[in-house]
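S.K.: Got structure-v7.cif for you, mmCIF, C-alpha atoms:
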```cif
data_input
loop_
_atom_site.group_PDB
_atom_site.id
_atom_site.type_symbol
_atom_site.label_atom_id
_atom_site.label_comp_id
_atom_site.auth_asym_id
_atom_site.auth_seq_id
_atom_site.Cartn_x
_atom_site.Cartn_y
_atom_site.Cartn_z
ATOM 1 C CA MET A 323 108.126 -47.866 15.730
ATOM 2 C CA THR A 324 108.715 -49.971 18.845
ATOM 3 C CA ARG A 325 107.425 -49.124 22.302
ATOM 4 C CA LEU A 326 110.930 -48.209 23.509
ATOM 5 C CA THR A 327 111.570 -46.033 20.477
ATOM 6 C CA ARG A 328 108.368 -44.122 21.173
ATOM 7 C CA GLU A 329 109.228 -43.809 24.846
ATOM 8 C CA LEU A 330 112.716 -42.546 24.053
ATOM 9 C CA LYS A 331 111.245 -39.821 21.888
ATOM 10 C CA GLN A 332 108.785 -38.886 24.636
ATOM 11 C CA PHE A 333 111.480 -38.947 27.321
ATOM 12 C CA ARG A 334 113.724 -36.604 25.385
ATOM 13 C CA ALA A 335 110.859 -34.247 24.655
ATOM 14 C CA CYS A 336 109.500 -34.222 28.217
ATOM 15 C CA PRO A 337 111.772 -35.915 30.796
ATOM 16 C CA PRO A 338 110.375 -36.839 34.216
ATOM 17 C CA PRO A 339 111.302 -34.782 37.315
ATOM 18 C CA TYR A 340 114.990 -34.898 38.273
ATOM 19 C CA ALA A 341 115.969 -36.927 35.194
ATOM 20 C CA PRO A 342 116.890 -34.361 32.536
ATOM 21 C CA LEU A 343 119.041 -36.456 30.205
ATOM 22 C CA VAL A 344 119.024 -39.916 28.685
ATOM 23 C CA HIS A 345 121.616 -41.682 26.536
ATOM 24 C CA VAL A 346 120.697 -44.623 24.342
ATOM 25 C CA ASP A 347 122.918 -46.147 21.683
ATOM 26 C CA GLU A 348 120.832 -46.632 18.543
ATOM 27 C CA ASN A 349 122.267 -50.140 18.206
ATOM 28 C CA LYS A 350 121.479 -51.023 21.830
ATOM 29 C CA ILE A 351 117.943 -49.788 22.392
ATOM 30 C CA LEU A 352 117.555 -52.107 25.397
ATOM 31 C CA ASP A 353 120.277 -50.297 27.394
ATOM 32 C CA TRP A 354 119.362 -46.854 28.721
ATOM 33 C CA HIS A 355 121.592 -44.576 30.803
ATOM 34 C CA ILE A 356 119.843 -41.721 32.578
ATOM 35 C CA LEU A 357 121.372 -38.740 34.371
ATOM 36 C CA ILE A 358 119.401 -38.035 37.528
ATOM 37 C CA GLN A 359 119.573 -35.196 40.008
ATOM 38 C CA GLY A 360 119.455 -35.924 43.715
ATOM 39 C CA VAL A 361 116.018 -35.167 45.151
ATOM 40 C CA PRO A 362 115.959 -31.846 47.071
ATOM 41 C CA ASP A 363 115.693 -31.977 50.863
ATOM 42 C CA SER A 364 117.327 -35.391 50.929
ATOM 43 C CA ALA A 365 120.862 -36.676 51.547
ATOM 44 C CA TYR A 366 121.319 -36.786 47.761
ATOM 45 C CA GLU A 367 120.300 -33.226 46.923
ATOM 46 C CA ASP A 368 123.779 -32.090 45.844
ATOM 47 C CA GLY A 369 124.378 -35.168 43.732
ATOM 48 C CA TRP A 370 124.150 -36.197 40.109
ATOM 49 C CA TYR A 371 123.879 -39.911 39.437
ATOM 50 C CA VAL A 372 123.844 -42.154 36.395
ATOM 51 C CA MET A 373 121.297 -44.941 36.545
ATOM 52 C CA LYS A 374 121.085 -47.760 34.026
ATOM 53 C CA ILE A 375 117.952 -49.546 32.873
ATOM 54 C CA THR A 376 118.413 -52.803 30.987
ATOM 55 C CA PHE A 377 115.195 -53.836 29.274
ATOM 56 C CA LYS A 378 114.177 -57.353 28.367
ATOM 57 C CA PRO A 379 113.396 -58.043 24.702
ATOM 58 C CA GLN A 380 109.847 -58.774 25.938
ATOM 59 C CA TYR A 381 109.330 -55.237 27.323
ATOM 60 C CA PRO A 382 106.736 -53.948 28.190
ATOM 61 C CA PHE A 383 105.546 -57.397 29.236
ATOM 62 C CA GLN A 384 108.570 -58.058 31.460
ATOM 63 C CA ALA A 385 110.205 -55.786 34.000
ATOM 64 C CA PRO A 386 113.731 -54.457 33.374
ATOM 65 C CA ALA A 387 116.889 -54.532 35.478
ATOM 66 C CA VAL A 388 117.817 -51.269 37.200
ATOM 67 C CA SER A 389 121.197 -50.280 38.598
ATOM 68 C CA VAL A 390 123.171 -47.140 39.403
ATOM 69 C CA LEU A 391 126.742 -46.465 38.281
ATOM 70 C CA THR A 392 127.633 -43.514 40.513
ATOM 71 C CA PRO A 393 128.633 -44.209 44.147
ATOM 72 C CA ASN A 394 125.800 -42.977 46.356
ATOM 73 C CA GLY A 395 125.658 -44.776 49.705
ATOM 74 C CA ARG A 396 122.139 -46.103 49.124
ATOM 75 C CA PHE A 397 122.679 -48.742 46.432
ATOM 76 C CA GLN A 398 125.649 -50.866 45.459
ATOM 77 C CA THR A 399 127.072 -49.725 42.149
ATOM 78 C CA SER A 400 126.483 -51.684 38.944
ATOM 79 C CA THR A 401 124.253 -54.129 40.830
ATOM 80 C CA SER A 402 120.674 -55.070 39.950
ATOM 81 C CA ILE A 403 118.343 -53.435 42.490
ATOM 82 C CA CYS A 404 115.355 -55.265 43.885
ATOM 83 C CA MET A 405 112.169 -53.189 43.846
ATOM 84 C CA SER A 406 108.630 -53.749 42.624
ATOM 85 C CA MET A 407 109.344 -52.242 39.214
ATOM 86 C CA THR A 408 112.398 -54.343 38.401
ATOM 87 C CA GLU A 409 113.246 -57.835 37.222
ATOM 88 C CA TRP A 410 113.164 -59.127 40.798
ATOM 89 C CA HIS A 411 109.380 -58.822 40.897
ATOM 90 C CA GLN A 412 107.908 -59.807 37.574
ATOM 91 C CA GLU A 413 104.687 -60.683 39.422
ATOM 92 C CA THR A 414 104.068 -57.041 40.363
ATOM 93 C CA TRP A 415 105.134 -55.530 37.042
ATOM 94 C CA ASN A 416 102.471 -53.588 35.144
ATOM 95 C CA PRO A 417 102.908 -53.259 31.335
ATOM 96 C CA ALA A 418 101.201 -49.862 31.543
ATOM 97 C CA TRP A 419 104.211 -48.488 33.408
ATOM 98 C CA SER A 420 106.661 -46.507 31.328
ATOM 99 C CA VAL A 421 110.325 -45.574 31.546
ATOM 100 C CA ALA A 422 109.272 -42.367 33.300
ATOM 101 C CA THR A 423 107.404 -44.453 35.874
ATOM 102 C CA ILE A 424 110.506 -46.553 36.500
ATOM 103 C CA VAL A 425 112.720 -43.492 36.947
ATOM 104 C CA THR A 426 110.397 -41.729 39.381
ATOM 105 C CA GLY A 427 109.813 -45.003 41.219
ATOM 106 C CA PHE A 428 113.576 -45.430 41.546
ATOM 107 C CA LEU A 429 113.935 -41.902 42.929
ATOM 108 C CA SER A 430 111.136 -42.421 45.435
ATOM 109 C CA PHE A 431 112.774 -45.650 46.614
ATOM 110 C CA MET A 432 116.201 -44.027 46.784
ATOM 111 C CA VAL A 433 115.096 -41.549 49.456
ATOM 112 C CA THR A 434 113.833 -44.321 51.751
ATOM 113 C CA ASP A 435 115.946 -46.541 53.999
ATOM 114 C CA GLU A 436 114.107 -49.719 53.077
ATOM 115 C CA SER A 437 116.414 -52.733 52.890
ATOM 116 C CA THR A 438 116.648 -54.507 49.558
ATOM 117 C CA THR A 439 118.907 -56.683 47.457
ATOM 118 C CA GLY A 440 121.382 -54.355 45.787
ATOM 119 C CA GLY A 441 121.019 -51.822 48.593
ATOM 120 C CA MET A 442 123.562 -50.819 51.211
ATOM 121 C CA ARG A 443 123.708 -49.134 54.597
ATOM 122 C CA ALA A 444 125.443 -45.815 55.108
ATOM 123 C CA SER A 445 125.022 -42.780 57.343
ATOM 124 C CA GLU A 446 123.314 -39.660 56.057
ATOM 125 C CA GLU A 447 126.619 -37.800 56.220
ATOM 126 C CA THR A 448 128.296 -40.501 54.114
ATOM 127 C CA ARG A 449 125.532 -40.212 51.537
ATOM 128 C CA ARG A 450 125.894 -36.428 51.510
ATOM 129 C CA THR A 451 129.635 -36.837 50.988
ATOM 130 C CA PHE A 452 129.008 -39.153 48.041
ATOM 131 C CA ALA A 453 126.560 -36.553 46.689
ATOM 132 C CA ARG A 454 129.114 -33.755 46.903
ATOM 133 C CA GLU A 455 131.721 -35.930 45.206
ATOM 134 C CA SER A 456 129.396 -37.345 42.550
ATOM 135 C CA VAL A 457 130.067 -34.780 39.821
ATOM 136 C CA ALA A 458 133.840 -35.198 40.142
ATOM 137 C CA TRP A 459 133.470 -38.988 40.150
ATOM 138 C CA ASN A 460 131.264 -38.970 37.073
ATOM 139 C CA ALA A 461 133.639 -36.578 35.327
ATOM 140 C CA SER A 462 136.512 -39.010 35.966
ATOM 141 C CA GLN A 463 134.713 -41.757 34.044
ATOM 142 C CA LYS A 464 135.430 -41.475 30.330
ATOM 143 C CA ARG A 465 132.364 -43.417 29.244
ATOM 144 C CA ILE A 466 130.021 -41.321 31.391
ATOM 145 C CA VAL A 467 131.441 -38.077 30.002
ATOM 146 C CA GLU A 468 131.030 -39.434 26.477
ATOM 147 C CA MET A 469 127.363 -40.126 27.220
ATOM 148 C CA PHE A 470 126.763 -36.926 29.179
ATOM 149 C CA PRO A 471 129.250 -34.149 28.257
ATOM 150 C CA GLU A 472 127.334 -31.819 30.581
ATOM 151 C CA ILE A 473 128.948 -33.640 33.522
ATOM 152 C CA ALA A 474 132.218 -31.866 32.770
ATOM 153 C CA LYS A 475 130.482 -28.470 32.521
ATOM 154 C CA PRO A 476 129.244 -27.159 35.904
ATOM 155 C CA GLY A 477 127.330 -24.372 34.193
ATOM 156 C CA ALA A 478 125.438 -26.907 32.112
ATOM 157 C CA LEU A 479 124.479 -28.872 35.233
ATOM 158 C CA GLU A 480 123.173 -25.733 36.902
ATOM 159 C CA GLU A 481 121.017 -25.042 33.869
ATOM 160 C CA LEU A 482 119.671 -28.593 33.954
ATOM 161 C CA LYS A 483 118.940 -28.207 37.670
ATOM 162 C CA TYR A 484 117.068 -24.956 37.100
ATOM 163 C CA ARG A 485 115.019 -26.445 34.271
ATOM 164 C CA GLY A 486 114.241 -29.478 36.399
ATOM 165 C CA GLU A 487 113.034 -27.408 39.354
ATOM 166 C CA THR A 488 110.839 -25.370 37.029
ATOM 167 C CA LYS A 489 109.373 -28.538 35.578
ATOM 168 C CA VAL A 490 108.615 -29.941 39.037
ATOM 169 C CA ALA A 491 106.692 -26.789 39.932
ATOM 170 C CA ASP A 492 104.664 -27.182 36.746
ATOM 171 C CA ASP A 493 104.106 -30.927 37.231
ATOM 172 C CA ILE A 494 102.699 -30.465 40.717
ATOM 173 C CA GLU A 495 99.805 -28.612 39.124
ATOM 174 C CA ALA A 496 99.460 -30.920 36.113
ATOM 175 C CA SER A 497 97.027 -33.812 35.778
ATOM 176 C CA GLY A 498 97.377 -37.043 33.743
ATOM 177 C CA ALA A 499 95.676 -37.276 30.360
ATOM 178 C CA ASP A 500 95.555 -41.027 29.815
ATOM 179 C CA ALA A 501 95.945 -44.372 31.561
ATOM 180 C CA ASN A 502 99.724 -44.372 31.266
ATOM 181 C CA ASP A 503 99.919 -40.878 32.764
ATOM 182 C CA ASP A 504 97.719 -42.078 35.630
ATOM 183 C CA ALA A 505 100.143 -44.955 36.240
ATOM 184 C CA ASN A 506 103.015 -42.460 36.374
ATOM 185 C CA ALA A 507 101.198 -39.964 38.552
ATOM 186 C CA SER A 508 101.046 -41.849 41.860
ATOM 187 C CA VAL A 509 104.771 -42.589 41.822
ATOM 188 C CA GLU A 510 105.693 -39.141 40.594
ATOM 189 C CA GLN A 511 103.662 -37.420 43.280
ATOM 190 C CA ALA A 512 105.590 -39.364 45.945
ATOM 191 C CA VAL A 513 108.835 -37.881 44.655
ATOM 192 C CA LEU A 514 107.334 -34.419 44.344
ATOM 193 C CA LYS A 515 105.963 -34.633 47.889
ATOM 194 C CA LYS A 516 109.395 -35.643 49.170
ATOM 195 C CA ALA A 517 110.919 -32.656 47.415
ATOM 196 C CA ARG A 518 108.417 -30.270 48.958
ATOM 197 C CA VAL A 519 107.915 -31.494 52.518
ATOM 198 C CA GLY A 520 110.664 -34.019 53.186
ATOM 199 C CA ALA A 521 108.327 -36.978 53.648
ATOM 200 C CA SER A 522 109.636 -40.463 52.888
ATOM 201 C CA PRO A 523 107.513 -42.067 50.148
ATOM 202 C CA GLY A 524 106.863 -45.764 50.464
ATOM 203 C CA ALA A 525 108.167 -48.194 47.881
ATOM 204 C CA LYS A 526 107.636 -51.910 47.726
ATOM 205 C CA LYS A 527 110.844 -53.834 47.376
#
```
Render the structure in this file as structure tokens.

M.R.:
Amino acid sequence: MTRLTRELKQFRACPPPYAPLVHVDENKILDWHILIQGVPDSAYEDGWYVMKITFKPQYPFQAPAVSVLTPNGRFQTSTSICMSMTEWHQETWNPAWSVATIVTGFLSFMVTDESTTGGMRASEETRRTFARESVAWNASQKRIVEMFPEIAKPGALEELKYRGETKVADDIEASGADANDDANASVEQAVLKKARVGASPGAKK
């Protein structure tokens, strides 16, 4: 069983905060699509976004490419995003980091205004507009609906949101059990703190 296969199993069994669903084609294990919920108390809180992680064959020894498909006002769509956990910074990549680490790191970076390659400037109101329109936009994309049928079912999204909020409450009290959990924890806590008090977590680009 490969590292990514193990991580996929773990992700499906216990997804990270605000990332309830993942789609991976069995024949394309290096390409992951993840449905993420906008972090509460941010300009993205009403949104649902599809991010894509493209892993190198050398993973976990090389960092992946990360992009977002859904218009959001923070990042250009379908464009590789420069941050410390992506292919732009192989020198800062840590093989102990997992897919969950990447997702929570992406979310923590999304709620900042730090400039980066693949980023874009937009007002908070514009980002909130994109958030409100995100479900309809996703639902208009045939491929996204094929990967995530829940997008076309508002009731299903509400259930995912409820489950996610419950999980966040539980995770705030949880502690890591091994080195990989410890690597995830510092990034995850930044996102959880943002959700609770509206602070802007730092992220190295």

S.K.: Residues within 9 Å of region 326-336 of chain A, please, as a ChimeraX atom specification. Count all atoms listed in the file; anything in the same chain fewer than 3 positions from it doesn't count.

M.R.: /A:323,342-344,346,351-352,381-382,420-422

S.K.: Taking into account only C-alpha atoms, which residue in the set A:Glu447, A:Asp347, A:Glu413, A:Asp353 is nearest to Ala365 (chain A)?

M.R.: A:Glu447

S.K.: For region 381-384 of chain A, I'd like the enclosing box, axis-aligned and padded by 8 Å on every side, reported as AutoDock Vina command-line options with centre and edge lengths in Å to one decimal.

M.R.:
```
--center_x 107.4 --center_y -56.0 --center_z 29.4 --size_x 19.8 --size_y 20.1 --size_z 20.1
```

S.K.: Point out the residue among A:Ser456, A:Thr324, A:Thr448, A:Thr401 with the least atom-to-atom distance to Tyr371 (chain A), counting all atoms listed in the file.

M.R.: A:Ser456

S.K.: Would you please work out which residue, of A:Pro386, A:Thr399, A:Asn460, A:Leu429, is nearest to Ala474 (chain A) when using all atoms listed in the file?

M.R.: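 The shortest atom-to-atom distance to Ala474 (chain A) comes from A:Asn460.
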
S.K.: Take the PyMOL selection byres ((chain A and resi 341) around 9), run it mentally on this structure, and tell me the resulting residues as a list in words.

M.R.: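 Taken over the shown coordinates, the PyMOL selection byres ((chain A and resi 341) around 9) returns Pro337, Pro338, Pro339, Tyr340, Pro342, Leu343, Val344, Ile356, Leu357, Ile358, Gln359, Ala422, Val425, Thr426 and Gly486 of chain A.
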